[in-house]
Amino acid sequence: MGISTADIKELREQTGAGMLDCKKALEENDGDLDEAVDYLRKQGIASAEKKAGRTASEGLASVKAEGNQAVIAEINSETDFAAKNDKFQEVVDQMTTHLLTKQPADVDEALNQTLVGSDKTVEEYFNEAISQIGENLSFRRFKLIERAADEVFGTYIHMGGNIGVLTLLEGGDEDLARNVAMHIAAANPDYLSRDDVPAEDVEKEKQVLQEQAENEGKPEHIVEQIVKGRLNKFYNQNCLVEQEYIRDTDKTVGDLLSEADATIKESVRYEVGEGIEVEEEDFAEEVMSEVNEVNK
């Protein structure tokens, strides 16, 4: 019998299992939704995937470069403890290898690809890992970068994977590229240079600085100069090439690059969990919810 998209969607919403697993479960059980749920539970897929509702905000950032290709990725777990699990680290390593080999366009495409060295899809591989580790896992994001012959990659992992940075330089060498990546990990610049700051951001900053100066009672005829000076400080703090180099504050990152006749073409910095909203959980309420569920 034909399995409709609506049936697959409903089963997925009930169990949290992957699309392909839901399709197979329905096919194996002649489209019977209840039987398909039991089938997934028996396979250990539904019980694992029900964890998908829980926030995964810990995990690891990973960076790998091979030949002319490099990738940076973030894969999340629910707890820092799980992130240190050997199986989780194996998943992260397997995924970076897969990304470099298969070159997917986005996360959705990657999840539907057959995992390198396996007959499973990436999504199926993740489901198995969830069952084994006992926590929700999330393949959050990645970025692939290709280098030209005169370009070099710089990779840096901070705090065992809490922060990952991938840089691409034109000119220079790998040591320089790695030092720039290390600086980016620590200083977290918002822009490469002042030319990269959007005009609307500049105008917004000018307005804030002007109001600051006026509220401080500065004479009107020098407000413009004060705003200009403080705007330069904004650039110094937020633009990579104008920041003081963390290993030698007598020079900027721009000075460091100029000394090697190098320019930075691209940089990507992933900090694990940044931007993920974590709900505050009431432990007592959670326990009572479990008790009520058992007593039903």
# chains A, B, ... in the order shown; residues from 1 in each chain; ligands from 1
>>> residues_around(residues="Leu256 in chain A", least_positions_apart="5", cutoff="9 Å", atoms="only C-alpha atoms", output="PyMOL selection string")
chain A and resi 176+180+241+245+251+261-262
>>> residues_around(residues="Arg140 in chain A", least_positions_apart="5", cutoff="10 Å", atoms="only C-alpha atoms", output="ChimeraX atom specification")
/A:56-57,73-76,107,272-273
>>> write_last_selection(atoms="N, CA and C atoms", output="PDB file, in the first residue's frame")
ATOM      1  N   ALA A  56      19.769  20.434  23.363  1.00  0.00           N
ATOM      2  CA  ALA A  56      21.169  20.022  23.289  1.00  0.00           C
ATOM      3  C   ALA A  56      22.011  21.282  23.100  1.00  0.00           C
ATOM      4  N   SER A  57      22.613  21.759  24.185  1.00  0.00           N
ATOM      5  CA  SER A  57      23.359  23.018  24.118  1.00  0.00           C
ATOM      6  C   SER A  57      24.835  22.846  24.476  1.00  0.00           C
ATOM      7  N   ALA A  73      32.607  22.307  12.175  1.00  0.00           N
ATOM      8  CA  ALA A  73      31.259  21.816  12.473  1.00  0.00           C
ATOM      9  C   ALA A  73      30.993  21.913  13.968  1.00  0.00           C
ATOM     10  N   GLU A  74      29.712  21.995  14.302  1.00  0.00           N
ATOM     11  CA  GLU A  74      29.289  21.938  15.707  1.00  0.00           C
ATOM     12  C   GLU A  74      28.247  20.852  15.856  1.00  0.00           C
ATOM     13  N   ILE A  75      28.504  19.932  16.775  1.00  0.00           N
ATOM     14  CA  ILE A  75      27.568  18.858  17.091  1.00  0.00           C
ATOM     15  C   ILE A  75      27.287  18.929  18.583  1.00  0.00           C
ATOM     16  N   ASN A  76      26.005  18.894  18.935  1.00  0.00           N
ATOM     17  CA  ASN A  76      25.621  19.156  20.320  1.00  0.00           C
ATOM     18  C   ASN A  76      25.095  17.929  21.047  1.00  0.00           C
ATOM     19  N   VAL A 107      22.763  21.074   6.317  1.00  0.00           N
ATOM     20  CA  VAL A 107      22.559  20.017   7.303  1.00  0.00           C
ATOM     21  C   VAL A 107      21.527  19.002   6.827  1.00  0.00           C
ATOM     22  N   VAL A 272      30.422  26.573  21.127  1.00  0.00           N
ATOM     23  CA  VAL A 272      29.371  25.592  21.382  1.00  0.00           C
ATOM     24  C   VAL A 272      28.227  26.210  22.178  1.00  0.00           C
ATOM     25  N   GLY A 273      27.023  26.047  21.650  1.00  0.00           N
ATOM     26  CA  GLY A 273      25.829  26.489  22.358  1.00  0.00           C
ATOM     27  C   GLY A 273      25.478  27.951  22.191  1.00  0.00           C
TER      28      GLY A 273
END
>>> atom_distance(atom1="CA of Cys22 in chain A", atom2="CA of Ala36 in chain A")
7.6 Å
>>> closest_residue(among="A:Asn112, A:Ser131, A:Gln103, A:Ser138", to="Gly59 in chain A", atoms="only C-alpha atoms")
A:Ser138
>>> closest_residue(among="A:Gln237, A:Val91, A:Ile246, A:Ala83", to="Met182 in chain A", atoms="only C-alpha atoms")
A:Ile246
>>> residues_around(residues="Tyr125 in chain A", least_positions_apart="5", cutoff="10 Å", atoms="only C-alpha atoms", output="list in words")
Val91, Met95, Leu111, Thr114, Leu115, Ser118, Asp119, Lys120 and Ile130 of chain A
